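**Q** File follows, run.txt with compact mmCIF, C-alpha atoms and all ligand atoms:
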```txt
# COMPACT_ATOMS: atom_id res chain seq x y z
CA MET A 15 -54.67 69.29 -25.54
CA LEU A 16 -58.23 68.56 -24.62
CA LEU A 17 -59.48 70.61 -27.53
CA LEU A 18 -57.08 68.81 -29.83
CA SER A 19 -58.49 65.46 -28.81
CA THR A 20 -62.01 66.66 -29.34
CA LEU A 21 -61.29 67.95 -32.81
CA TRP A 22 -59.22 65.10 -34.10
CA HIS A 23 -61.64 62.55 -32.77
CA ARG A 24 -64.73 64.25 -34.09
CA GLU A 25 -66.59 61.79 -36.29
CA GLY A 26 -68.53 64.28 -38.38
CA MET A 27 -66.91 66.50 -40.94
CA PRO A 28 -67.01 70.27 -40.46
CA GLN A 29 -69.68 71.62 -42.75
CA GLY A 30 -69.30 74.30 -45.34
CA ALA A 31 -65.58 74.01 -45.67
CA ARG A 32 -64.28 76.72 -47.94
CA ARG A 33 -61.75 75.68 -50.53
CA ALA A 34 -58.45 77.37 -49.90
CA ARG A 35 -57.52 79.77 -52.67
CA GLY A 36 -54.40 78.91 -54.60
CA SER A 37 -51.44 77.19 -53.17
CA SER A 38 -48.30 78.46 -51.66
CA GLN A 39 -46.73 75.42 -53.30
CA ASP A 40 -47.30 76.89 -56.75
CA ALA A 41 -44.68 79.54 -56.10
CA LYS A 42 -41.05 78.61 -55.88
CA LYS A 43 -40.64 81.03 -52.99
CA THR A 44 -42.23 81.14 -49.60
CA ALA A 45 -45.06 83.55 -48.91
CA SER A 46 -42.52 85.98 -47.46
CA GLY A 47 -40.59 85.93 -50.73
CA LYS A 48 -37.62 84.01 -49.34
CA PRO A 49 -36.22 81.20 -51.50
CA LEU A 50 -37.01 77.63 -50.49
CA LYS A 51 -34.58 76.15 -48.01
CA LYS A 52 -33.63 72.54 -48.26
CA GLN A 53 -31.97 72.07 -44.89
CA GLU A 54 -33.99 71.00 -41.90
CA ALA A 55 -34.13 73.60 -39.18
CA PRO A 56 -35.21 72.81 -35.62
CA LEU A 57 -38.64 74.26 -35.05
CA PRO A 58 -39.61 76.31 -32.05
CA SER A 59 -42.07 74.50 -29.86
CA ARG A 60 -45.29 76.17 -28.97
CA THR A 61 -44.79 78.09 -25.76
CA ALA A 62 -47.37 78.17 -22.96
CA ARG A 63 -47.84 81.89 -23.56
CA ALA A 64 -48.46 81.35 -27.31
CA ALA A 65 -50.90 78.56 -26.50
CA SER A 66 -52.73 80.78 -24.06
CA LEU A 67 -52.98 83.62 -26.61
CA ASP A 68 -54.16 81.16 -29.25
CA ALA A 69 -56.78 79.75 -26.91
CA ARG A 70 -58.14 83.22 -26.25
CA ALA A 71 -58.28 83.85 -30.00
CA GLY A 72 -60.11 80.54 -30.51
CA VAL A 73 -57.12 78.81 -32.16
CA THR A 74 -56.85 75.20 -31.08
CA ALA A 75 -53.72 73.08 -30.87
CA ALA A 76 -55.00 71.11 -33.88
CA ASP A 77 -55.28 74.34 -35.87
CA PHE A 78 -51.77 75.26 -34.83
CA ALA A 79 -50.48 71.87 -35.95
CA LEU A 80 -52.21 72.09 -39.35
CA ARG A 81 -50.85 75.56 -40.01
CA ALA A 82 -47.38 74.55 -38.83
CA LEU A 83 -47.51 71.60 -41.22
CA GLY A 84 -48.41 73.82 -44.19
CA GLU A 85 -45.66 76.34 -43.34
CA TRP A 86 -43.13 73.56 -42.90
CA PHE A 87 -44.01 72.16 -46.33
CA ASP A 88 -43.48 75.58 -47.91
CA ARG A 89 -40.03 75.81 -46.38
CA GLN A 90 -38.76 72.25 -46.63
CA ARG A 91 -40.47 70.49 -49.48
CA ARG A 92 -38.34 68.64 -52.03
CA VAL A 93 -38.34 69.89 -55.58
CA LEU A 94 -39.77 67.01 -57.64
CA PRO A 95 -40.53 67.10 -61.37
CA TRP A 96 -44.27 66.52 -61.00
CA ARG A 97 -44.56 69.20 -58.31
CA GLU A 98 -43.25 72.03 -60.45
CA ASP A 99 -46.12 71.83 -62.93
CA PRO A 100 -48.95 70.00 -61.13
CA SER A 101 -51.21 69.55 -64.17
CA PRO A 102 -53.81 66.75 -63.91
CA TYR A 103 -51.92 64.62 -66.46
CA ARG A 104 -48.53 64.93 -64.75
CA VAL A 105 -49.92 64.43 -61.25
CA TRP A 106 -51.93 61.40 -62.32
CA VAL A 107 -48.99 59.73 -64.12
CA SER A 108 -46.66 60.41 -61.18
CA GLU A 109 -49.14 59.02 -58.66
CA ILE A 110 -49.58 55.81 -60.66
CA MET A 111 -45.79 55.43 -60.92
CA LEU A 112 -45.34 56.12 -57.20
CA GLN A 113 -47.64 53.24 -56.24
CA GLN A 114 -45.32 50.68 -54.61
CA THR A 115 -42.27 52.52 -55.98
CA GLN A 116 -39.83 54.94 -54.32
CA VAL A 117 -39.52 58.59 -55.39
CA ALA A 118 -35.83 58.16 -56.29
CA THR A 119 -36.67 55.26 -58.64
CA VAL A 120 -39.65 57.00 -60.21
CA THR A 121 -38.00 60.36 -60.99
CA PRO A 122 -35.93 59.34 -64.08
CA TYR A 123 -38.74 57.11 -65.37
CA PHE A 124 -41.24 59.94 -64.99
CA GLU A 125 -39.10 62.33 -67.00
CA ARG A 126 -38.49 59.78 -69.77
CA PHE A 127 -42.16 58.77 -69.87
CA LEU A 128 -43.32 62.40 -70.12
CA LYS A 129 -40.83 63.03 -72.90
CA ARG A 130 -42.16 60.02 -74.79
CA PHE A 131 -45.84 60.77 -74.02
CA PRO A 132 -46.06 64.52 -73.27
CA THR A 133 -49.87 64.68 -73.34
CA VAL A 134 -52.77 62.45 -72.42
CA GLU A 135 -53.64 62.33 -76.14
CA SER A 136 -50.20 60.95 -77.05
CA LEU A 137 -50.53 58.30 -74.36
CA ALA A 138 -54.05 57.35 -75.50
CA SER A 139 -52.99 56.90 -79.12
CA ALA A 140 -49.86 54.81 -78.33
CA SER A 141 -49.91 51.04 -78.69
CA GLU A 142 -49.87 48.87 -75.57
CA ASP A 143 -46.40 47.63 -76.57
CA GLU A 144 -45.06 51.19 -76.70
CA VAL A 145 -46.47 52.06 -73.28
CA VAL A 146 -45.25 48.84 -71.67
CA ALA A 147 -41.80 49.39 -73.25
CA ALA A 148 -41.63 52.90 -71.77
CA TRP A 149 -42.66 51.43 -68.41
CA ALA A 150 -40.14 48.58 -68.52
CA GLY A 151 -38.14 48.37 -65.31
CA LEU A 152 -40.80 49.96 -63.07
CA GLY A 153 -42.59 46.65 -62.44
CA TYR A 154 -46.32 46.08 -61.80
CA TYR A 155 -47.04 46.30 -65.52
CA SER A 156 -50.79 46.28 -65.14
CA ARG A 157 -50.30 49.91 -64.09
CA ALA A 158 -48.99 50.77 -67.57
CA ARG A 159 -51.86 48.99 -69.32
CA ASN A 160 -54.43 50.64 -67.04
CA LEU A 161 -52.82 54.03 -67.58
CA ARG A 162 -53.23 53.72 -71.33
CA ALA A 163 -56.84 52.51 -71.04
CA ALA A 164 -57.65 55.37 -68.64
CA ALA A 165 -55.98 57.88 -71.01
CA GLN A 166 -58.35 56.75 -73.77
CA ALA A 167 -61.34 57.34 -71.47
CA ILE A 168 -59.99 60.78 -70.48
CA VAL A 169 -59.48 61.81 -74.12
CA ARG A 170 -63.09 60.80 -74.76
CA ASP A 171 -64.73 62.30 -71.64
CA GLY A 172 -62.21 64.78 -70.17
CA PHE A 173 -60.44 64.66 -66.80
CA PRO A 174 -62.92 63.72 -64.04
CA ARG A 175 -63.55 66.44 -61.47
CA ASP A 176 -64.83 64.30 -58.61
CA ARG A 177 -63.91 61.14 -56.71
CA VAL A 178 -66.58 58.99 -58.35
CA GLY A 179 -65.30 59.93 -61.80
CA TRP A 180 -61.69 59.11 -60.95
CA LEU A 181 -62.61 55.82 -59.27
CA ALA A 182 -64.35 54.75 -62.49
CA LEU A 183 -61.01 54.84 -64.36
CA PRO A 184 -58.90 51.68 -64.55
CA GLY A 185 -56.05 51.56 -62.05
CA VAL A 186 -57.39 54.37 -59.86
CA GLY A 187 -58.16 53.66 -56.21
CA GLU A 188 -59.18 55.85 -53.28
CA TYR A 189 -55.66 57.10 -52.66
CA THR A 190 -54.95 58.08 -56.28
CA ALA A 191 -58.36 59.76 -56.65
CA GLY A 192 -57.68 61.85 -53.53
CA ALA A 193 -54.15 62.67 -54.66
CA VAL A 194 -55.08 63.91 -58.15
CA LEU A 195 -58.14 65.83 -56.96
CA SER A 196 -56.29 67.59 -54.15
CA ILE A 197 -52.88 68.15 -55.78
CA ALA A 198 -53.94 68.95 -59.35
CA PHE A 199 -57.38 70.50 -58.72
CA ASN A 200 -56.92 71.68 -55.11
CA GLU A 201 -60.18 69.98 -54.12
CA THR A 202 -60.81 69.31 -50.43
CA GLU A 203 -60.25 65.57 -50.79
CA ALA A 204 -58.33 63.34 -48.40
CA LEU A 205 -55.71 60.70 -49.09
CA VAL A 206 -54.07 57.97 -47.05
CA ASP A 207 -50.93 56.21 -48.27
CA GLY A 208 -48.22 54.43 -46.26
CA ASN A 209 -46.54 57.70 -45.24
CA VAL A 210 -49.80 59.35 -44.19
CA GLU A 211 -50.83 56.24 -42.28
CA ARG A 212 -47.59 56.35 -40.31
CA VAL A 213 -47.90 60.07 -39.49
CA LEU A 214 -51.58 59.94 -38.51
CA SER A 215 -51.29 56.73 -36.53
CA ARG A 216 -48.46 58.25 -34.49
CA LEU A 217 -50.06 61.66 -34.07
CA ARG A 218 -53.34 60.17 -32.84
CA ARG A 219 -52.08 56.80 -31.56
CA ILE A 220 -54.48 55.04 -33.89
CA ARG A 221 -54.31 51.33 -33.21
CA ARG A 222 -55.28 48.36 -35.30
CA PRO A 223 -57.93 46.18 -33.71
CA ALA A 224 -56.39 42.99 -32.30
CA SER A 225 -58.27 40.98 -34.92
CA SER A 226 -56.16 42.43 -37.72
CA LEU A 227 -52.87 41.81 -35.96
CA GLY A 228 -53.07 38.13 -36.69
CA PHE A 229 -54.11 37.02 -33.20
CA SER A 230 -57.58 35.90 -34.17
CA LEU A 231 -59.88 35.40 -37.13
CA GLY A 232 -61.92 38.14 -38.76
CA SER A 233 -58.92 40.25 -39.68
CA SER A 234 -60.45 41.94 -42.69
CA ARG A 235 -63.24 43.51 -40.59
CA GLY A 236 -60.76 44.75 -38.02
CA ASP A 237 -58.52 46.16 -40.71
CA SER A 238 -61.32 48.06 -42.40
CA ALA A 239 -62.29 49.74 -39.09
CA TYR A 240 -58.68 50.84 -38.70
CA LYS A 241 -58.53 52.16 -42.26
CA ALA A 242 -61.86 53.94 -41.84
CA ARG A 243 -60.49 55.76 -38.81
CA LEU A 244 -57.37 56.82 -40.69
CA TRP A 245 -59.49 58.15 -43.54
CA ARG A 246 -61.79 60.05 -41.14
CA THR A 247 -58.76 61.66 -39.56
CA ALA A 248 -57.27 62.52 -42.97
CA ARG A 249 -60.60 64.03 -44.09
CA PHE A 250 -60.80 66.10 -40.95
CA ALA A 251 -57.24 67.37 -41.45
CA VAL A 252 -57.73 68.44 -45.08
CA THR A 253 -61.13 70.01 -44.41
CA ARG A 254 -60.06 71.92 -41.31
CA GLY A 255 -56.83 72.90 -43.04
CA ALA A 256 -58.82 74.40 -45.94
CA GLN A 257 -60.89 76.41 -43.44
CA LEU A 258 -57.67 77.77 -41.97
CA GLY A 259 -56.27 78.73 -45.39
CA VAL A 260 -53.95 75.75 -45.82
CA ALA A 261 -54.67 74.62 -49.38
CA PRO A 262 -55.66 70.94 -49.75
CA ARG A 263 -52.77 70.38 -52.17
CA VAL A 264 -50.39 71.76 -49.54
CA LEU A 265 -51.86 69.91 -46.57
CA ASN A 266 -51.97 66.51 -48.27
CA GLN A 267 -48.49 66.78 -49.72
CA ALA A 268 -47.22 68.05 -46.37
CA LEU A 269 -48.54 64.91 -44.63
CA MET A 270 -46.88 62.69 -47.24
CA GLU A 271 -43.65 64.69 -47.17
CA LEU A 272 -43.53 64.58 -43.39
CA GLY A 273 -43.84 60.79 -43.53
CA ALA A 274 -41.13 60.54 -46.19
CA MET A 275 -38.60 62.99 -44.74
CA ILE A 276 -39.17 63.30 -40.98
CA CYS A 277 -41.56 60.71 -39.60
CA SER A 278 -39.68 57.76 -41.07
CA PRO A 279 -40.47 54.16 -40.12
CA LYS A 280 -37.33 53.40 -38.09
CA SER A 281 -35.70 56.68 -37.08
CA PRO A 282 -38.19 59.54 -36.98
CA LYS A 283 -36.63 62.97 -36.45
CA CYS A 284 -39.04 64.12 -33.77
CA GLY A 285 -36.66 66.93 -32.74
CA VAL A 286 -37.30 68.82 -36.00
CA CYS A 287 -40.90 67.71 -36.53
CA PRO A 288 -43.31 70.63 -37.05
CA VAL A 289 -46.15 68.82 -35.28
CA ALA A 290 -44.16 67.29 -32.43
CA ASP A 291 -46.14 69.23 -29.84
CA SER A 292 -49.32 67.51 -30.98
CA CYS A 293 -47.93 64.01 -31.32
CA ARG A 294 -49.48 61.57 -28.89
CA ALA A 295 -47.11 58.69 -29.64
CA ARG A 296 -44.14 60.95 -28.93
CA LYS A 297 -45.63 62.15 -25.65
CA GLN A 298 -46.21 58.57 -24.55
CA ASP A 299 -42.76 57.54 -25.79
CA GLU A 300 -44.43 54.97 -28.03
CA VAL A 301 -43.34 56.15 -31.48
CA ALA A 302 -41.77 52.80 -32.34
CA LEU A 303 -45.09 51.05 -31.67
CA PHE A 304 -46.93 52.91 -34.48
CA PRO A 305 -48.17 52.11 -36.99
CA GLN A 306 -49.01 48.68 -35.67
CA LYS A 307 -48.03 46.01 -38.13
CA LYS A 308 -50.51 43.90 -40.04
CA LYS A 309 -50.36 40.16 -40.18
CA PRO A 310 -47.10 39.19 -41.85
CA LYS A 311 -47.20 38.91 -45.62
CA GLU A 312 -47.97 35.47 -46.98
CA TRP A 313 -45.36 34.65 -49.58
CA ILE A 314 -46.00 32.71 -52.74
CA ASP A 315 -43.01 30.66 -53.86
CA VAL A 316 -42.60 30.48 -57.62
CA SER A 317 -40.13 28.31 -59.53
CA GLU A 318 -39.58 28.89 -63.23
CA ARG A 319 -37.14 27.82 -65.87
CA VAL A 320 -36.16 29.78 -68.96
CA LEU A 321 -33.92 29.13 -71.93
CA ALA A 322 -31.41 31.82 -72.87
CA ALA A 323 -30.72 30.93 -76.49
CA VAL A 324 -27.90 32.88 -78.15
CA ASP A 325 -26.51 32.65 -81.69
CA SER A 326 -22.96 33.14 -82.98
CA ARG A 327 -23.57 36.88 -83.44
CA GLY A 328 -24.57 37.31 -79.81
CA ARG A 329 -28.28 37.73 -80.59
CA TRP A 330 -30.95 36.36 -78.27
CA LEU A 331 -34.22 34.61 -78.91
CA VAL A 332 -36.98 36.37 -76.97
CA ARG A 333 -40.64 35.76 -76.43
CA LYS A 334 -43.51 38.05 -75.50
CA ASN A 335 -45.67 36.72 -72.69
CA ALA A 336 -49.16 35.97 -73.95
CA PRO A 337 -52.36 37.47 -72.49
CA GLY A 338 -53.28 35.47 -69.38
CA GLU A 339 -49.67 34.56 -68.62
CA TRP A 340 -47.78 36.11 -65.73
CA ARG A 341 -46.18 39.41 -66.84
CA ALA A 342 -48.41 39.48 -69.95
CA GLY A 343 -47.14 41.85 -72.65
CA LEU A 344 -43.53 41.83 -71.46
CA TRP A 345 -40.70 40.30 -73.44
CA ASP A 346 -38.53 37.68 -71.78
CA PHE A 347 -36.42 34.62 -72.50
CA PRO A 348 -38.49 31.64 -73.75
CA LYS A 349 -39.86 29.23 -71.21
CA TYR A 350 -38.03 25.95 -70.90
CA GLU A 351 -41.27 24.09 -71.71
CA ASP A 352 -41.32 25.75 -75.15
CA PHE A 353 -38.37 23.56 -76.10
CA GLU A 354 -39.03 20.46 -74.08
CA GLY A 355 -37.85 17.34 -75.92
CA LYS A 356 -35.58 19.31 -78.31
CA THR A 357 -31.85 18.72 -78.53
CA VAL A 358 -29.80 21.79 -77.73
CA GLU A 359 -26.19 22.48 -76.78
CA VAL A 360 -26.25 23.52 -73.14
CA LEU A 361 -23.43 25.91 -72.22
CA ALA A 362 -24.24 26.79 -68.65
CA GLU A 363 -26.95 27.09 -66.03
CA ALA A 364 -27.46 29.82 -63.47
CA GLU A 365 -29.96 30.55 -60.74
CA VAL A 366 -31.59 33.92 -60.16
CA ARG A 367 -33.58 34.67 -57.01
CA TYR A 368 -35.67 37.76 -56.51
CA VAL A 369 -38.80 39.04 -54.84
CA VAL A 370 -41.62 40.78 -56.67
CA THR A 371 -44.89 41.81 -54.99
CA ARG A 372 -45.83 38.76 -52.87
CA HIS A 373 -43.79 36.33 -54.97
CA ARG A 374 -40.44 34.81 -54.06
CA VAL A 375 -39.11 33.72 -57.40
CA ARG A 376 -36.46 31.10 -58.08
CA ARG A 377 -35.57 31.17 -61.77
CA LEU A 378 -33.25 28.68 -63.40
CA VAL A 379 -31.66 30.08 -66.58
CA THR A 380 -30.22 27.58 -69.07
CA LEU A 381 -27.82 29.08 -71.60
CA VAL A 382 -27.82 27.32 -74.99
CA ARG A 383 -26.00 28.12 -78.23
CA VAL A 384 -27.79 28.11 -81.58
CA LYS A 385 -25.76 28.13 -84.80
CA ASP A 386 -28.13 29.95 -87.14
CA PHE A 387 -31.10 31.58 -85.52
CA ALA A 388 -32.82 33.05 -88.54
CA SER A 389 -32.98 29.74 -90.33
CA LEU A 390 -34.54 28.14 -87.28
CA ARG A 391 -37.53 30.49 -87.22
CA GLY A 392 -40.41 28.38 -88.41
CA SER A 393 -38.31 25.26 -88.36
CA GLU A 394 -39.97 22.19 -86.98
CA ALA A 395 -36.78 21.45 -85.12
CA TRP A 396 -37.65 24.28 -82.76
CA GLY A 397 -41.36 23.83 -82.81
CA PHE A 398 -42.39 27.43 -83.37
CA ALA A 399 -43.33 29.54 -86.35
CA ASP A 400 -43.17 33.28 -87.00
CA SER A 401 -46.69 33.75 -85.78
CA GLY A 402 -46.24 31.86 -82.57
CA GLY A 403 -45.21 28.63 -80.95
CA GLY A 404 -45.01 27.29 -77.44
CA ALA A 405 -47.82 28.96 -75.49
CA GLU A 406 -50.75 30.01 -77.60
CA GLY A 407 -50.56 33.67 -78.60
CA ALA A 408 -46.94 34.18 -77.60
CA GLU A 409 -44.86 36.27 -80.02
CA TRP A 410 -41.22 35.65 -80.85
CA ARG A 411 -38.34 37.62 -82.21
CA ILE A 412 -34.58 37.65 -82.41
CA TRP A 413 -33.22 40.48 -80.33
CA ASP A 414 -29.92 42.08 -81.20
CA GLU A 415 -28.94 44.27 -78.32
CA GLN A 416 -25.99 45.65 -80.30
CA ALA A 417 -28.34 47.03 -82.96
CA GLY A 418 -29.35 49.91 -80.72
CA GLU A 419 -32.64 51.59 -79.94
CA GLN A 420 -34.38 50.85 -83.22
CA GLU A 421 -34.13 47.15 -82.59
CA THR A 422 -35.73 47.43 -79.17
CA ALA A 423 -38.44 49.98 -80.09
CA GLY A 424 -41.74 48.63 -78.76
CA VAL A 425 -40.04 45.74 -76.97
CA GLY A 426 -40.49 46.04 -73.22
CA PHE A 427 -38.30 43.71 -71.21
CA GLY A 428 -39.22 43.15 -67.59
CA SER A 429 -36.79 43.21 -64.69
CA ALA A 430 -36.79 39.36 -64.63
CA PHE A 431 -35.24 39.38 -68.12
CA TRP A 432 -32.53 41.89 -67.21
CA LYS A 433 -31.68 40.01 -64.01
CA SER A 434 -31.41 36.76 -65.96
CA LEU A 435 -29.30 38.35 -68.70
CA GLU A 436 -26.90 39.87 -66.21
CA ARG A 437 -26.57 36.58 -64.35
CA ILE A 438 -26.06 34.46 -67.46
CA ARG A 439 -23.47 36.88 -68.85
CA ASN A 440 -21.26 35.92 -65.95
CA CYS A 441 -21.23 32.37 -67.30
CA THR A 442 -18.66 31.39 -69.92
CA LEU A 443 -20.00 31.59 -73.47
S1 LIG A 501 -43.22 63.84 -33.41
FE1 LIG A 501 -42.07 62.14 -34.25
S2 LIG A 501 -43.52 60.44 -34.32
FE2 LIG A 501 -44.70 62.30 -34.03
S3 LIG A 501 -45.29 62.90 -36.10
FE3 LIG A 501 -43.41 63.99 -35.62
S4 LIG A 501 -41.74 62.70 -36.38
FE4 LIG A 501 -43.60 61.45 -36.30
```
What does the file become when written as structure tokens?
Ligand code: SF4

**A**
Amino acid sequence: MLLLSTLWHREGMPQGARRARGSSQDAKKTASGKPLKKQEAPLPSRTARAASLDARAGVTAADFALRALGEWFDRQRRVLPWREDPSPYRVWVSEIMLQQTQVATVTPYFERFLKRFPTVESLASASEDEVVAAWAGLGYYSRARNLRAAAQAIVRDGFPRDRVGWLALPGVGEYTAGAVLSIAFNETEALVDGNVERVLSRLRRIRRPASSLGFSLGSSRGDSAYKARLWRTARFAVTRGAQLGVAPRVLNQALMELGAMICSPKSPKCGVCPVADSCRARKQDEVALFPQKKKPKEWIDVSERVLAAVDSRGRWLVRKNAPGEWRAGLWDFPKYEDFEGKTVEVLAEAEVRYVVTRHRVRRLVTLVRVKDFASLRGSEAWGFADSGGGAEGAEWRIWDEQAGEQETAGVGFGSAFWKSLERIRNCTL
């Protein structure tokens, strides 16, 4: 264990790391030719005799853990659509979608998005409306806009081959750069996401400085020291793994998979964990204490009011949020202010509450009936014209959900709209 501590704590990176050739992940079978198994099997722990033989052969406990992690990933990894063909385009799109979103949610969206935009060229040439519409329901819509802008840069200059190049693209941070470079290009690049943070902080008992726990001021400095240590540890793991023949794409995905499937936040399955022998938190019986939590999230309370205007044919008046407005580019019900002072027949009111990012939203939906929608477009009675009305730059249209896909082509509704529609449908028309 002493050697393990020395290695994992070493500040400097091992020099001259060789890139591991290929990836055992590319094959759908294990190296021994056996098909992938999905069930979790208890792993043998490292015996004293094996440890002694390893020590004589110069194999450290850290090396053992890294190899065990790679072998475990080969045996137990989930089959996910972006893993089966890890091209730069597919890996990049999946990583952007997976930011703040669960794998189970992303999977159907990923498949639909790739069907609609099968290549980076098709994504680059699509309109923003088309991309946002294909993204609708995933939330965090700036990701869709950044994806399209980055696709245009990639079509012009090609896929970047280093971290600096990826970081220059809109919507790409340190984690995404490391993920695409290691998974798609098998480069020896590290990554740290929430899953990797949990695994590494438990394995090495990496603590947050007290200043970032909310006990004193100066939290951002304390937090960056903590993050820097996680990244150093992740870099060491991927570099040493490559030297041992564990491909970077395998090692990084194994760390993430371990966090997702075994080393879960509340009930880690330490009994079947491939690196349990090396886990400091487990040895100290402190697993539940890691990772240490940051200062609690500061919520922003938002109140909004929208008007759900429906005509006798069951069609809805919708409005596209203007640039600069919250949820810009998404279609939604009109804001109540757009009709302030107008006389309308109110049928019902309903309240919708939901949480998005750091916002706790309370939305009041007022259902009103309109006799003849089409004739009202441009009418002074409603105060908007075809080209706009209400907020400057907002677009309007009459949406007929019964008309099918053609009617909604290029119209991306956000989750706030669908929540409001579902809620208001429960009211009597
Ligand atoms: S032994 Fe338990 S706490 Fe440690 S890495 Fe494995 S699952 Fe996580």

**Q** To one decimal place in Å, what is the distance between atom CA of Ala158 of chain A and atom CA of Ile412 of chain A?

**A**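 Rounded to one decimal, the two atoms are 24.5 Å apart.
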
**Q** Go through A:Gly84, A:Gly255, A:Gly338, A:Pro288 and flag the residue nearest ligand LIG 501 (chain A), using only C-alpha atoms and all ligand atoms for the distances.

**A**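 Looking only at the distances to ligand LIG 501 (chain A), the closest residue turns out to be A:Pro288.
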
**Q** Which residues form the shell of 7 Å around ligand LIG 501 (chain A) when you count only C-alpha atoms and all ligand atoms, given as an MDAnalysis selection string?

**A** chainID A and resid 213 216:217 276:277 282:284 287:290 293 295:296 301

**Q** Rank A:Arg221, A:Arg157, A:Lys385, A:Arg327 by their smallest atom-to-atom distance to Gly187 of chain A, using all atoms listed in the file, and report the top residue only.

**A** A:Arg157

**Q** Report, in Å with one decimal, the straight-line distance from atom CA of Asp352 of chain A to atom CA of Gln416 of chain A.

**A**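 Separation of atom CA of Asp352 of chain A and atom CA of Gln416 of chain A: 25.6 Å.
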
**Q** Taking 6 positions as the minimum chain separation for residues in the same chain, which residues sit within 8 Å of Phe431 of chain A when counting only C-alpha atoms? Answer as a PyMOL selection string.

**A** chain A and resi 345-347

**Q** Pull C-alpha atoms from the residues just selected and write them as a compact mmCIF listing (two decimals), in the frame of the given file.

**A**
```txt
# COMPACT_ATOMS: atom_id res chain seq x y z
CA TRP A 345 -40.70 40.30 -73.44
CA ASP A 346 -38.53 37.68 -71.78
CA PHE A 347 -36.42 34.62 -72.50
```

**Q** Pick from A:Arg263, A:Arg437, A:Arg89, A:Lys309: nearest to Gly192 of chain A, with all atoms listed in the file counted?

**A**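 Of A:Arg263, A:Arg437, A:Arg89, A:Lys309, the one nearest Gly192 of chain A is A:Arg263, counting all atoms listed in the file.
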
**Q** Near Ser136 of chain A, within 10 Å and counting only C-alpha atoms, which residues show up once chain neighbours fewer than 6 positions away are dropped, as a JSON list (two decimals) with C-alpha atoms, in the frame of the given file?

**A**
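Saved to selection.json:
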```json
[["chain", "number", "residue", "atom", "x", "y", "z"],
["A", 128, "LEU", "CA", -43.32, 62.40, -70.12],
["A", 130, "ARG", "CA", -42.16, 60.02, -74.79],
["A", 162, "ARG", "CA", -53.23, 53.72, -71.33],
["A", 165, "ALA", "CA", -55.98, 57.88, -71.01],
["A", 166, "GLN", "CA", -58.35, 56.75, -73.77],
["A", 169, "VAL", "CA", -59.48, 61.81, -74.12]]
```

**Q** Do a neighbour search on segment 179-186 of chain A at 7 Å with only C-alpha atoms, toss out local chain neighbours closer than 2 positions, and write the hits as a list in words.

**A**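 Final neighbour list, sorted by chain and number: Arg157, Asn160, Leu161, Ala163, Ala164, Pro174, Arg175, Asp176, Arg177, Glu188, Thr190 and Ala191 of chain A.
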
**Q** What's the separation between atom CA of Phe199 of chain A and atom CA of Arg92 of chain A, in Å to one decimal place?

**A**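 Separating atom CA of Phe199 of chain A from atom CA of Arg92 of chain A is a distance of 20.3 Å.
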
**Q** Near Glu359 of chain A, within 10 Å and counting all atoms listed in the file, which residues show up once chain neighbours fewer than 6 positions away are dropped, as a list in words?

**A**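 Those residues are Ala323, Leu381, Val382, Arg383, Val384 and Lys385 of chain A.
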
**Q** Write to file, as a PDB file, in the frame of the given file, the residues of the selection just made, with C-alpha atoms.

**A**
```
ATOM      1  CA  ALA A 323     -30.720  30.930 -76.490  1.00  0.00           C
ATOM      2  CA  LEU A 381     -27.820  29.080 -71.600  1.00  0.00           C
ATOM      3  CA  VAL A 382     -27.820  27.320 -74.990  1.00  0.00           C
ATOM      4  CA  ARG A 383     -26.000  28.120 -78.230  1.00  0.00           C
ATOM      5  CA  VAL A 384     -27.790  28.110 -81.580  1.00  0.00           C
ATOM      6  CA  LYS A 385     -25.760  28.130 -84.800  1.00  0.00           C
TER       7      LYS A 385
END
```
